[in-house]
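Enquirer: Sharing run_6.pdb, PDB, C-alpha atoms and all ligand atoms:
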```pdb
ATOM      1  CA  MET T 290     168.990  74.518 121.796  1.00  0.00           C
ATOM      2  CA  VAL T 291     166.332  72.717 119.754  1.00  0.00           C
ATOM      3  CA  GLU T 292     166.008  73.235 116.009  1.00  0.00           C
ATOM      4  CA  ALA T 293     163.184  75.683 115.381  1.00  0.00           C
ATOM      5  CA  ARG T 294     159.907  74.598 113.810  1.00  0.00           C
ATOM      6  CA  VAL T 295     158.510  77.002 111.204  1.00  0.00           C
ATOM      7  CA  VAL T 296     154.738  77.296 110.822  1.00  0.00           C
ATOM      8  CA  ARG T 297     153.426  79.223 107.834  1.00  0.00           C
ATOM      9  CA  ILE T 298     150.245  81.201 108.452  1.00  0.00           C
ATOM     10  CA  PRO T 299     148.723  82.112 105.085  1.00  0.00           C
ATOM     11  CA  LEU T 300     146.743  85.303 105.682  1.00  0.00           C
ATOM     12  CA  ARG T 301     144.741  86.794 102.813  1.00  0.00           C
ATOM     13  CA  PHE T 302     147.702  87.631 100.525  1.00  0.00           C
ATOM     14  CA  ALA T 303     150.774  87.625 102.705  1.00  0.00           C
ATOM     15  CA  ASN T 304     152.263  85.043 105.047  1.00  0.00           C
ATOM     16  CA  SER T 305     153.001  85.355 108.700  1.00  0.00           C
ATOM     17  CA  TYR T 306     155.267  82.745 110.306  1.00  0.00           C
ATOM     18  CA  LEU T 307     155.762  81.269 113.739  1.00  0.00           C
ATOM     19  CA  VAL T 308     159.356  80.244 114.440  1.00  0.00           C
ATOM     20  CA  ILE T 309     158.993  77.910 117.387  1.00  0.00           C
ATOM     21  CA  GLY T 310     162.104  77.149 119.397  1.00  0.00           C
ATOM     22  CA  GLU T 311     162.442  77.400 123.178  1.00  0.00           C
ATOM     23  CA  LYS T 312     160.524  80.630 122.693  1.00  0.00           C
ATOM     24  CA  THR T 313     158.551  81.706 119.621  1.00  0.00           C
ATOM     25  CA  ILE T 314     159.223  84.526 117.166  1.00  0.00           C
ATOM     26  CA  ILE T 315     156.417  85.890 114.972  1.00  0.00           C
ATOM     27  CA  VAL T 316     157.658  86.969 111.532  1.00  0.00           C
ATOM     28  CA  ASP T 317     155.434  89.525 109.741  1.00  0.00           C
ATOM     29  CA  SER T 318     151.767  90.035 110.442  1.00  0.00           C
ATOM     30  CA  GLY T 319     149.871  90.503 107.169  1.00  0.00           C
ATOM     31  CA  ASP T 320     147.525  93.350 106.251  1.00  0.00           C
ATOM     32  CA  PRO T 321     145.564  95.250 108.904  1.00  0.00           C
ATOM     33  CA  GLY T 322     142.742  93.160 110.358  1.00  0.00           C
ATOM     34  CA  PHE T 323     144.516  89.780 110.249  1.00  0.00           C
ATOM     35  CA  SER T 324     145.864  89.387 113.777  1.00  0.00           C
ATOM     36  CA  ARG T 325     143.112  86.854 114.518  1.00  0.00           C
ATOM     37  CA  GLY T 326     144.603  84.394 112.032  1.00  0.00           C
ATOM     38  CA  ILE T 327     147.929  84.610 113.848  1.00  0.00           C
ATOM     39  CA  LEU T 328     146.356  84.150 117.273  1.00  0.00           C
ATOM     40  CA  GLN T 329     144.407  81.142 115.988  1.00  0.00           C
ATOM     41  CA  ALA T 330     147.573  79.577 114.538  1.00  0.00           C
ATOM     42  CA  MET T 331     149.298  80.093 117.895  1.00  0.00           C
ATOM     43  CA  GLU T 332     146.470  78.321 119.688  1.00  0.00           C
ATOM     44  CA  LYS T 333     146.516  75.437 117.211  1.00  0.00           C
ATOM     45  CA  ASN T 334     150.273  75.022 117.713  1.00  0.00           C
ATOM     46  CA  GLU T 335     150.047  75.403 121.498  1.00  0.00           C
ATOM     47  CA  VAL T 336     152.023  78.626 121.530  1.00  0.00           C
ATOM     48  CA  LYS T 337     150.998  80.835 124.440  1.00  0.00           C
ATOM     49  CA  LYS T 338     151.045  84.641 124.204  1.00  0.00           C
ATOM     50  CA  THR T 339     153.746  84.643 126.872  1.00  0.00           C
ATOM     51  CA  ASP T 340     155.882  82.338 124.668  1.00  0.00           C
ATOM     52  CA  ILE T 341     156.334  85.113 122.092  1.00  0.00           C
ATOM     53  CA  SER T 342     159.767  86.661 122.539  1.00  0.00           C
ATOM     54  CA  LEU T 343     159.938  88.863 119.431  1.00  0.00           C
ATOM     55  CA  ILE T 344     157.894  90.146 116.487  1.00  0.00           C
ATOM     56  CA  PHE T 345     160.213  90.520 113.496  1.00  0.00           C
ATOM     57  CA  ILE T 346     159.030  92.588 110.513  1.00  0.00           C
ATOM     58  CA  THR T 347     160.921  91.702 107.307  1.00  0.00           C
ATOM     59  CA  HIS T 348     160.336  95.132 105.717  1.00  0.00           C
ATOM     60  CA  GLY T 349     158.228  98.264 105.776  1.00  0.00           C
ATOM     61  CA  HIS T 350     155.322  97.294 103.526  1.00  0.00           C
ATOM     62  CA  ILE T 351     151.858  97.354 105.019  1.00  0.00           C
ATOM     63  CA  ASP T 352     150.926  93.855 103.821  1.00  0.00           C
ATOM     64  CA  HIS T 353     153.765  92.635 106.069  1.00  0.00           C
ATOM     65  CA  TYR T 354     153.254  94.720 109.188  1.00  0.00           C
ATOM     66  CA  GLY T 355     149.647  95.991 109.071  1.00  0.00           C
ATOM     67  CA  SER T 356     148.331  93.793 111.888  1.00  0.00           C
ATOM     68  CA  VAL T 357     151.192  94.361 114.295  1.00  0.00           C
ATOM     69  CA  PHE T 358     149.390  97.115 116.134  1.00  0.00           C
ATOM     70  CA  GLU T 359     146.432  94.812 116.849  1.00  0.00           C
ATOM     71  CA  LEU T 360     148.820  92.036 117.866  1.00  0.00           C
ATOM     72  CA  LYS T 361     150.564  94.281 120.347  1.00  0.00           C
ATOM     73  CA  ARG T 362     147.316  94.707 122.267  1.00  0.00           C
ATOM     74  CA  GLU T 363     147.400  90.949 122.904  1.00  0.00           C
ATOM     75  CA  ILE T 364     151.105  90.176 122.968  1.00  0.00           C
ATOM     76  CA  ASP T 365     153.752  91.926 125.016  1.00  0.00           C
ATOM     77  CA  ALA T 366     156.864  91.339 122.893  1.00  0.00           C
ATOM     78  CA  PRO T 367     159.349  93.736 121.288  1.00  0.00           C
ATOM     79  CA  ILE T 368     159.067  94.578 117.579  1.00  0.00           C
ATOM     80  CA  ALA T 369     162.239  94.451 115.473  1.00  0.00           C
ATOM     81  CA  ILE T 370     162.722  95.978 112.024  1.00  0.00           C
ATOM     82  CA  HIS T 371     165.821  97.163 110.163  1.00  0.00           C
ATOM     83  CA  ARG T 372     166.478 100.804 110.890  1.00  0.00           C
ATOM     84  CA  LEU T 373     166.179 101.866 107.212  1.00  0.00           C
ATOM     85  CA  ASP T 374     162.570 100.627 107.027  1.00  0.00           C
ATOM     86  CA  ALA T 375     161.692 101.591 110.616  1.00  0.00           C
ATOM     87  CA  PRO T 376     160.609 105.183 109.766  1.00  0.00           C
ATOM     88  CA  TYR T 377     157.854 103.864 107.460  1.00  0.00           C
ATOM     89  CA  PHE T 378     156.721 101.369 110.050  1.00  0.00           C
ATOM     90  CA  ASN T 379     156.761 103.982 112.788  1.00  0.00           C
ATOM     91  CA  GLN T 380     154.583 106.312 110.686  1.00  0.00           C
ATOM     92  CA  GLY T 381     152.277 103.547 109.446  1.00  0.00           C
ATOM     93  CA  ILE T 382     153.063 104.219 105.774  1.00  0.00           C
ATOM     94  CA  GLN T 383     154.532 102.240 102.855  1.00  0.00           C
ATOM     95  CA  ALA T 384     158.252 102.002 102.257  1.00  0.00           C
ATOM     96  CA  PRO T 385     158.812 103.303  98.679  1.00  0.00           C
ATOM     97  CA  LEU T 386     157.595 101.028  95.888  1.00  0.00           C
ATOM     98  CA  TYR T 387     159.805 100.683  92.796  1.00  0.00           C
ATOM     99  CA  PRO T 388     157.806  98.706  90.214  1.00  0.00           C
ATOM    100  CA  LEU T 389     159.583  96.603  87.565  1.00  0.00           C
ATOM    101  CA  ASN T 390     156.630  96.000  85.248  1.00  0.00           C
ATOM    102  CA  PRO T 391     153.209  97.465  84.286  1.00  0.00           C
ATOM    103  CA  ILE T 392     151.245  95.240  86.676  1.00  0.00           C
ATOM    104  CA  ALA T 393     153.451  96.314  89.562  1.00  0.00           C
ATOM    105  CA  SER T 394     152.978  99.946  88.474  1.00  0.00           C
ATOM    106  CA  ALA T 395     149.218  99.476  88.708  1.00  0.00           C
ATOM    107  CA  ILE T 396     149.576  97.900  92.154  1.00  0.00           C
ATOM    108  CA  LYS T 397     151.698 100.860  93.195  1.00  0.00           C
ATOM    109  CA  LEU T 398     148.914 103.283  92.259  1.00  0.00           C
ATOM    110  CA  VAL T 399     146.571 101.496  94.643  1.00  0.00           C
ATOM    111  CA  GLY T 400     149.091 100.747  97.362  1.00  0.00           C
ATOM    112  CA  LYS T 401     151.380 103.718  97.688  1.00  0.00           C
ATOM    113  CA  ASN T 402     149.048 105.908  99.721  1.00  0.00           C
ATOM    114  CA  LEU T 403     147.835 103.177 102.040  1.00  0.00           C
ATOM    115  CA  ARG T 404     148.170 103.962 105.699  1.00  0.00           C
ATOM    116  CA  VAL T 405     147.668 101.997 108.842  1.00  0.00           C
ATOM    117  CA  LYS T 406     145.099 104.086 110.643  1.00  0.00           C
ATOM    118  CA  LYS T 407     144.765 102.627 114.134  1.00  0.00           C
ATOM    119  CA  ARG T 408     148.366 102.610 115.193  1.00  0.00           C
ATOM    120  CA  TYR T 409     147.917 102.916 118.945  1.00  0.00           C
ATOM    121  CA  GLY T 410     151.120 104.948 119.085  1.00  0.00           C
ATOM    122  CA  ILE T 411     153.311 101.902 118.659  1.00  0.00           C
ATOM    123  CA  LYS T 412     156.876 102.174 117.401  1.00  0.00           C
ATOM    124  CA  ALA T 413     159.608  99.639 116.750  1.00  0.00           C
ATOM    125  CA  ASP T 414     161.464  98.562 119.892  1.00  0.00           C
ATOM    126  CA  ILE T 415     164.571  97.273 118.110  1.00  0.00           C
ATOM    127  CA  GLU T 416     165.864  99.105 115.039  1.00  0.00           C
ATOM    128  CA  PHE T 417     168.827  96.946 114.068  1.00  0.00           C
ATOM    129  CA  LYS T 418     171.519  97.950 111.616  1.00  0.00           C
ATOM    130  CA  GLU T 419     173.650  94.845 111.176  1.00  0.00           C
ATOM    131  CA  LYS T 420     172.707  91.348 112.219  1.00  0.00           C
ATOM    132  CA  LEU T 421     170.514  90.476 115.160  1.00  0.00           C
ATOM    133  CA  GLU T 422     171.349  87.267 117.063  1.00  0.00           C
ATOM    134  CA  LEU T 423     168.263  85.398 118.194  1.00  0.00           C
ATOM    135  CA  GLN T 424     169.704  83.341 121.062  1.00  0.00           C
ATOM    136  CA  GLU T 425     168.342  85.758 123.641  1.00  0.00           C
ATOM    137  CA  PHE T 426     164.896  85.395 122.039  1.00  0.00           C
ATOM    138  CA  GLY T 427     164.978  81.620 122.494  1.00  0.00           C
ATOM    139  CA  VAL T 428     165.600  80.649 118.863  1.00  0.00           C
ATOM    140  CA  GLN T 429     168.824  79.391 117.345  1.00  0.00           C
ATOM    141  CA  GLY T 430     169.313  81.634 114.329  1.00  0.00           C
ATOM    142  CA  LEU T 431     169.904  85.197 113.302  1.00  0.00           C
ATOM    143  CA  ILE T 432     168.466  88.074 111.321  1.00  0.00           C
ATOM    144  CA  ILE T 433     170.630  89.544 108.561  1.00  0.00           C
ATOM    145  CA  PRO T 434     169.907  92.549 106.326  1.00  0.00           C
ATOM    146  CA  THR T 435     168.975  91.376 102.794  1.00  0.00           C
ATOM    147  CA  PRO T 436     168.152  94.666 101.042  1.00  0.00           C
ATOM    148  CA  GLY T 437     166.938  95.025  97.471  1.00  0.00           C
ATOM    149  CA  HIS T 438     163.140  94.865  97.535  1.00  0.00           C
ATOM    150  CA  THR T 439     163.363  97.725 100.046  1.00  0.00           C
ATOM    151  CA  LEU T 440     166.536  99.204 101.505  1.00  0.00           C
ATOM    152  CA  GLY T 441     165.673  97.922 104.983  1.00  0.00           C
ATOM    153  CA  SER T 442     164.582  94.394 104.050  1.00  0.00           C
ATOM    154  CA  ALA T 443     165.976  91.630 106.271  1.00  0.00           C
ATOM    155  CA  SER T 444     165.714  87.848 106.562  1.00  0.00           C
ATOM    156  CA  LEU T 445     165.709  85.329 109.394  1.00  0.00           C
ATOM    157  CA  PHE T 446     168.257  82.531 108.937  1.00  0.00           C
ATOM    158  CA  LEU T 447     168.048  79.180 110.699  1.00  0.00           C
ATOM    159  CA  PRO T 448     171.147  76.989 111.105  1.00  0.00           C
ATOM    160  CA  ASP T 449     169.728  74.092 109.050  1.00  0.00           C
ATOM    161  CA  LYS T 450     169.822  76.048 105.764  1.00  0.00           C
ATOM    162  CA  ARG T 451     166.342  77.535 105.898  1.00  0.00           C
ATOM    163  CA  ALA T 452     165.504  81.241 105.771  1.00  0.00           C
ATOM    164  CA  ILE T 453     162.425  83.450 105.982  1.00  0.00           C
ATOM    165  CA  THR T 454     163.053  86.138 103.410  1.00  0.00           C
ATOM    166  CA  GLY T 455     160.035  88.475 103.145  1.00  0.00           C
ATOM    167  CA  ASP T 456     159.722  89.744  99.566  1.00  0.00           C
ATOM    168  CA  LEU T 457     163.287  89.029  98.442  1.00  0.00           C
ATOM    169  CA  ILE T 458     162.016  86.195  96.220  1.00  0.00           C
ATOM    170  CA  VAL T 459     158.374  85.640  95.325  1.00  0.00           C
ATOM    171  CA  TRP T 460     156.356  83.312  93.100  1.00  0.00           C
ATOM    172  CA  GLN T 461     155.861  84.733  89.620  1.00  0.00           C
ATOM    173  CA  TYR T 462     152.055  84.444  89.804  1.00  0.00           C
ATOM    174  CA  LEU T 463     151.618  84.790  93.561  1.00  0.00           C
ATOM    175  CA  PHE T 464     151.368  81.053  94.252  1.00  0.00           C
ATOM    176  CA  ARG T 465     152.569  79.513  90.992  1.00  0.00           C
ATOM    177  CA  GLY T 466     155.094  79.846  88.198  1.00  0.00           C
ATOM    178  CA  LYS T 467     158.796  80.292  88.880  1.00  0.00           C
ATOM    179  CA  PRO T 468     160.347  81.859  91.941  1.00  0.00           C
ATOM    180  CA  ARG T 469     161.847  85.216  91.002  1.00  0.00           C
ATOM    181  CA  PRO T 470     162.691  88.666  92.386  1.00  0.00           C
ATOM    182  CA  ALA T 471     159.673  90.570  93.665  1.00  0.00           C
ATOM    183  CA  PRO T 472     158.136  92.880  91.007  1.00  0.00           C
ATOM    184  CA  PHE T 473     159.135  95.766  93.265  1.00  0.00           C
ATOM    185  CA  LEU T 474     162.871  96.311  93.496  1.00  0.00           C
ATOM    186  CA  HIS T 475     164.427  99.383  95.090  1.00  0.00           C
ATOM    187  CA  ASP T 476     168.055  98.456  94.414  1.00  0.00           C
ATOM    188  CA  ARG T 477     169.092  95.701  92.036  1.00  0.00           C
ATOM    189  CA  ASN T 478     172.776  95.651  93.068  1.00  0.00           C
ATOM    190  CA  LYS T 479     171.860  95.216  96.692  1.00  0.00           C
ATOM    191  CA  PHE T 480     169.365  92.534  95.661  1.00  0.00           C
ATOM    192  CA  VAL T 481     172.089  90.536  93.884  1.00  0.00           C
ATOM    193  CA  LYS T 482     174.313  90.814  96.971  1.00  0.00           C
ATOM    194  CA  SER T 483     171.462  89.592  99.135  1.00  0.00           C
ATOM    195  CA  ILE T 484     170.956  86.576  96.863  1.00  0.00           C
ATOM    196  CA  ASN T 485     174.664  85.877  97.262  1.00  0.00           C
ATOM    197  CA  ILE T 486     174.207  85.899 101.045  1.00  0.00           C
ATOM    198  CA  LEU T 487     171.598  83.142 100.615  1.00  0.00           C
ATOM    199  CA  LYS T 488     173.957  81.214  98.346  1.00  0.00           C
ATOM    200  CA  GLY T 489     176.932  81.774 100.652  1.00  0.00           C
ATOM    201  CA  ARG T 490     174.994  80.304 103.539  1.00  0.00           C
ATOM    202  CA  GLY T 491     173.883  77.366 101.413  1.00  0.00           C
ATOM    203  CA  ILE T 492     170.196  78.088 101.963  1.00  0.00           C
ATOM    204  CA  LYS T 493     168.063  75.264 100.527  1.00  0.00           C
ATOM    205  CA  THR T 494     164.571  76.303 101.570  1.00  0.00           C
ATOM    206  CA  ILE T 495     163.141  79.769 101.738  1.00  0.00           C
ATOM    207  CA  TYR T 496     159.865  80.776 103.254  1.00  0.00           C
ATOM    208  CA  PRO T 497     158.660  83.747 101.197  1.00  0.00           C
ATOM    209  CA  GLY T 498     156.335  86.567 102.151  1.00  0.00           C
ATOM    210  CA  HIS T 499     153.669  85.228  99.791  1.00  0.00           C
ATOM    211  CA  GLY T 500     152.801  81.633  98.894  1.00  0.00           C
ATOM    212  CA  PRO T 501     154.362  78.295  99.895  1.00  0.00           C
ATOM    213  CA  SER T 502     158.024  77.550 100.575  1.00  0.00           C
ATOM    214  CA  ILE T 503     160.567  77.692  97.735  1.00  0.00           C
ATOM    215  CA  ASP T 504     163.375  75.262  96.918  1.00  0.00           C
ATOM    216  CA  THR T 505     166.322  77.537  96.127  1.00  0.00           C
ATOM    217  CA  SER T 506     167.521  75.232  93.326  1.00  0.00           C
ATOM    218  CA  ASP T 507     164.448  76.465  91.366  1.00  0.00           C
ATOM    219  CA  ILE T 508     165.536  80.108  91.517  1.00  0.00           C
ATOM    220  CA  ARG T 509     166.910  81.610  88.321  1.00  0.00           C
ATOM    221  CA  ILE T 510     168.227  85.157  88.505  1.00  0.00           C
ATOM    222  CA  LYS T 511     169.152  86.980  85.310  1.00  0.00           C
ATOM    223  CA  ASN T 512     172.120  89.259  85.694  1.00  0.00           C
TER     224      ASN T 512
HETATM  225 ZN    ZN T 601     157.030  94.144 100.055  1.00  0.00          ZN
END
```
I'd like the structure from this file rewritten - as structure tokens, please.
Ligand SMILES: [Zn+2]
Expert:
Amino acid sequence: MVEARVVRIPLRFANSYLVIGEKTIIVDSGDPGFSRGILQAMEKNEVKKTDISLIFITHGHIDHYGSVFELKREIDAPIAIHRLDAPYFNQGIQAPLYPLNPIASAIKLVGKNLRVKKRYGIKADIEFKEKLELQEFGVQGLIIPTPGHTLGSASLFLPDKRAITGDLIVWQYLFRGKPRPAPFLHDRNKFVKSINILKGRGIKTIYPGHGPSIDTSDIRIKN
């Protein structure tokens, strides 16, 4: 199987990604109203709607899944999310936000009651618990739970030491500064274990949920 090509689609704040192998997986979809950006990126990269084998949501925050319901009107592919974050996705609400600093607390005030209104009755098709092999979706790689930011956060690992990790690690100032844990952390112990999964797999490049790719040698985690 060919090595997958990863295309970052910077939507307003959050990233969506195309993982293009024999088939294509969409990872995350940005806030509501941003499906157009994904469809345009598909066209630019010559990915047909029928090439999409899976839509993988890294975790149950609306800035990562808000456009899925629009996408599903155009694309007939199953949606996968870890079963611990699936209930939030299925209801169109935010997974709990645990802020680590005053700015994050302020963001929580604005974000916690957000809802995705036009949900078209869509629910997750695959609520995985452990890992999810991607062979059958035409991509060499797998999805592994990497909880911490939320309890149901998960990441997509590619065999050549790259991973798409949602909000596990973010840029300190959205697109600048140092890479660090997201300012929302549900469970620090689980977060540290998830970082060790990245280390254990020798991941060199991560594609975060916000901003450009991160070289893992730049990551400093205080214990
Ligand atoms: Zn998040």
Enquirer: Can you turn the PyMOL selection byres (((chain T and resi 347) around 8) and not hetatm) into a concrete residue list for this file, as a CSV table (one decimal) with C-alpha atoms, in the frame of the given file?
Expert:
```csv
chain,number,residue,atom,x,y,z
T,316,VAL,CA,157.7,87.0,111.5
T,317,ASP,CA,155.4,89.5,109.7
T,345,PHE,CA,160.2,90.5,113.5
T,346,ILE,CA,159.0,92.6,110.5
T,348,HIS,CA,160.3,95.1,105.7
T,349,GLY,CA,158.2,98.3,105.8
T,353,HIS,CA,153.8,92.6,106.1
T,370,ILE,CA,162.7,96.0,112.0
T,371,HIS,CA,165.8,97.2,110.2
T,442,SER,CA,164.6,94.4,104.0
T,443,ALA,CA,166.0,91.6,106.3
T,444,SER,CA,165.7,87.8,106.6
T,454,THR,CA,163.1,86.1,103.4
T,455,GLY,CA,160.0,88.5,103.1
```
Enquirer: Pick out the residues no farther than 10 Å from ligand ZN 601 (chain T), counting all atoms listed in the file, and list them as a PyMOL selection string.
Expert: chain T and resi 303+347-354+383-386+438-439+442+455-457+459+471-474+498-499
Enquirer: Please put the answer as lines of an AutoDock Vina configuration file: centre and edge lengths, in Å with one decimal, of a box along x, y and z that encloses all listed atoms of segment 305-319 of chain T plus 4 Å on each side.
Expert:
```
center_x = 156.2
center_y = 83.8
center_z = 115.2
size_x = 20.6
size_y = 21.4
size_z = 24.0
```
Enquirer: For Pro388 of chain T, which residue among T:Arg477, T:Arg297, T:Lys418, T:Arg490 is the nearest when counting all atoms listed in the file?
Expert: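 Among T:Arg477, T:Arg297, T:Lys418, T:Arg490, it is T:Arg477 that comes nearest to Pro388 of chain T.
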Enquirer: So what does the PyMOL selection byres (((chain T and resi 362-364) around 12) and not hetatm) actually pick up in this one, as a JSON list (two decimals) with C-alpha atoms, in the coordinates of the input?
Expert:
```
[["chain", "number", "residue", "atom", "x", "y", "z"],
["T", 313, "THR", "CA", 158.55, 81.71, 119.62],
["T", 314, "ILE", "CA", 159.22, 84.53, 117.17],
["T", 315, "ILE", "CA", 156.42, 85.89, 114.97],
["T", 324, "SER", "CA", 145.86, 89.39, 113.78],
["T", 325, "ARG", "CA", 143.11, 86.85, 114.52],
["T", 327, "ILE", "CA", 147.93, 84.61, 113.85],
["T", 328, "LEU", "CA", 146.36, 84.15, 117.27],
["T", 331, "MET", "CA", 149.30, 80.09, 117.90],
["T", 336, "VAL", "CA", 152.02, 78.63, 121.53],
["T", 337, "LYS", "CA", 151.00, 80.83, 124.44],
["T", 338, "LYS", "CA", 151.04, 84.64, 124.20],
["T", 339, "THR", "CA", 153.75, 84.64, 126.87],
["T", 340, "ASP", "CA", 155.88, 82.34, 124.67],
["T", 341, "ILE", "CA", 156.33, 85.11, 122.09],
["T", 342, "SER", "CA", 159.77, 86.66, 122.54],
["T", 343, "LEU", "CA", 159.94, 88.86, 119.43],
["T", 344, "ILE", "CA", 157.89, 90.15, 116.49],
["T", 356, "SER", "CA", 148.33, 93.79, 111.89],
["T", 357, "VAL", "CA", 151.19, 94.36, 114.30],
["T", 358, "PHE", "CA", 149.39, 97.12, 116.13],
["T", 359, "GLU", "CA", 146.43, 94.81, 116.85],
["T", 360, "LEU", "CA", 148.82, 92.04, 117.87],
["T", 361, "LYS", "CA", 150.56, 94.28, 120.35],
["T", 365, "ASP", "CA", 153.75, 91.93, 125.02],
["T", 366, "ALA", "CA", 156.86, 91.34, 122.89],
["T", 367, "PRO", "CA", 159.35, 93.74, 121.29],
["T", 368, "ILE", "CA", 159.07, 94.58, 117.58],
["T", 407, "LYS", "CA", 144.76, 102.63, 114.13],
["T", 408, "ARG", "CA", 148.37, 102.61, 115.19],
["T", 409, "TYR", "CA", 147.92, 102.92, 118.94],
["T", 410, "GLY", "CA", 151.12, 104.95, 119.08],
["T", 411, "ILE", "CA", 153.31, 101.90, 118.66]]
```
Enquirer: So, counting all atoms listed in the file, which residue among T:Val296, T:Val428, T:Ile392, T:Ser506 is closest to Gly310 of chain T?
Expert: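 Smallest separation from Gly310 of chain T among the options: T:Val428.
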Enquirer: Got a sec to resolve the PyMOL selection byres (((chain T and resi 479) around 10) and not hetatm) on this structure and send the residues as an mmCIF file with C-alpha atoms, keeping the file's coordinate frame?
Expert:
```cif
data_model
loop_
_atom_site.group_PDB
_atom_site.id
_atom_site.type_symbol
_atom_site.label_atom_id
_atom_site.label_comp_id
_atom_site.auth_asym_id
_atom_site.auth_seq_id
_atom_site.Cartn_x
_atom_site.Cartn_y
_atom_site.Cartn_z
ATOM 1 C CA THR T 435 168.975 91.376 102.794
ATOM 2 C CA PRO T 436 168.152 94.666 101.042
ATOM 3 C CA GLY T 437 166.938 95.025 97.471
ATOM 4 C CA HIS T 438 163.140 94.865 97.535
ATOM 5 C CA THR T 439 163.363 97.725 100.046
ATOM 6 C CA LEU T 440 166.536 99.204 101.505
ATOM 7 C CA LEU T 474 162.871 96.311 93.496
ATOM 8 C CA HIS T 475 164.427 99.383 95.090
ATOM 9 C CA ASP T 476 168.055 98.456 94.414
ATOM 10 C CA ARG T 477 169.092 95.701 92.036
ATOM 11 C CA ASN T 478 172.776 95.651 93.068
ATOM 12 C CA PHE T 480 169.365 92.534 95.661
ATOM 13 C CA VAL T 481 172.089 90.536 93.884
ATOM 14 C CA LYS T 482 174.313 90.814 96.971
ATOM 15 C CA SER T 483 171.462 89.592 99.135
ATOM 16 C CA ILE T 484 170.956 86.576 96.863
ATOM 17 C CA ASN T 485 174.664 85.877 97.262
#
```
Enquirer: Atom CA of Pro376 of chain T to atom CA of Val405 of chain T: how many Å, to one decimal?
Expert: 13.4 Å
Enquirer: Just the number, please: distance in Å from atom CA of Glu419 of chain T to atom CA of Leu307 of chain T, one decimal.
Expert: 22.6 Å
Enquirer: Taking 4 positions as the minimum chain separation for residues in the same chain, which residues sit within 8 Å of Phe446 of chain T when counting only C-alpha atoms? Answer as a tab-separated table (two decimals) with C-alpha atoms, in the coordinates of the input.
Expert:
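Generated output (part.tsv):
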```
chain	number	residue	atom	x	y	z
T	430	GLY	CA	169.31	81.63	114.33
T	431	LEU	CA	169.90	85.20	113.30
T	432	ILE	CA	168.47	88.07	111.32
T	433	ILE	CA	170.63	89.54	108.56
T	450	LYS	CA	169.82	76.05	105.76
T	451	ARG	CA	166.34	77.54	105.90
T	452	ALA	CA	165.50	81.24	105.77
T	453	ILE	CA	162.43	83.45	105.98
```
Enquirer: So the first atom is atom CA of Glu311 of chain T and the second is atom CA of Gly427 of chain T; what is the distance between them in Å, to one decimal place?
Expert: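 Those two atoms sit 5.0 Å apart.
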Enquirer: Residues at most 6 Å from Thr494 of chain T, counting all atoms listed in the file, excluding those fewer than 5 positions away in the same chain, as an NGL selection string?
Expert: :T and (451 or 503-505)
Enquirer: Between T:Pro448, T:Pro321, T:Gly355, T:Gly466, single out the one closest to Glu292 of chain T, counting all atoms listed in the file.
Expert: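 The answer is T:Pro448, which sits nearest to Glu292 of chain T.
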Enquirer: Between T:Ile486, T:Leu445, T:Ala369, T:Ile309, which residue has the minimum interatomic distance to Ala293 of chain T, considering only C-alpha atoms?
Expert: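 Answer, going by the shortest atom-to-atom distance: T:Ile309.
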Enquirer: Kindly output segment 422-432 of chain T as a compact mmCIF listing (two decimals), in the coordinates of the input, after building N, CA and C atoms.
Expert:
```txt
# COMPACT_ATOMS: atom_id res chain seq x y z
N GLU T 422 171.29 88.65 116.57
CA GLU T 422 171.35 87.27 117.06
C GLU T 422 170.05 86.95 117.80
N LEU T 423 169.57 85.72 117.63
CA LEU T 423 168.26 85.40 118.19
C LEU T 423 168.31 84.52 119.44
N GLN T 424 169.53 84.17 119.85
CA GLN T 424 169.70 83.34 121.06
C GLN T 424 168.88 83.88 122.23
N GLU T 425 169.02 85.18 122.47
CA GLU T 425 168.34 85.76 123.64
C GLU T 425 166.82 85.76 123.48
N PHE T 426 166.34 85.49 122.26
CA PHE T 426 164.90 85.40 122.04
C PHE T 426 164.45 83.93 121.95
N GLY T 427 165.35 83.03 122.36
CA GLY T 427 164.98 81.62 122.49
C GLY T 427 164.91 80.86 121.18
N VAL T 428 165.58 81.34 120.15
CA VAL T 428 165.60 80.65 118.86
C VAL T 428 167.04 80.64 118.36
N GLN T 429 167.48 79.47 117.91
CA GLN T 429 168.82 79.39 117.34
C GLN T 429 168.77 79.90 115.91
N GLY T 430 169.36 81.04 115.66
CA GLY T 430 169.31 81.63 114.33
C GLY T 430 169.68 83.09 114.40
N LEU T 431 169.63 83.76 113.28
CA LEU T 431 169.90 85.20 113.30
C LEU T 431 169.21 85.91 112.15
N ILE T 432 169.06 87.23 112.35
CA ILE T 432 168.47 88.07 111.32
C ILE T 432 169.60 88.85 110.66
```
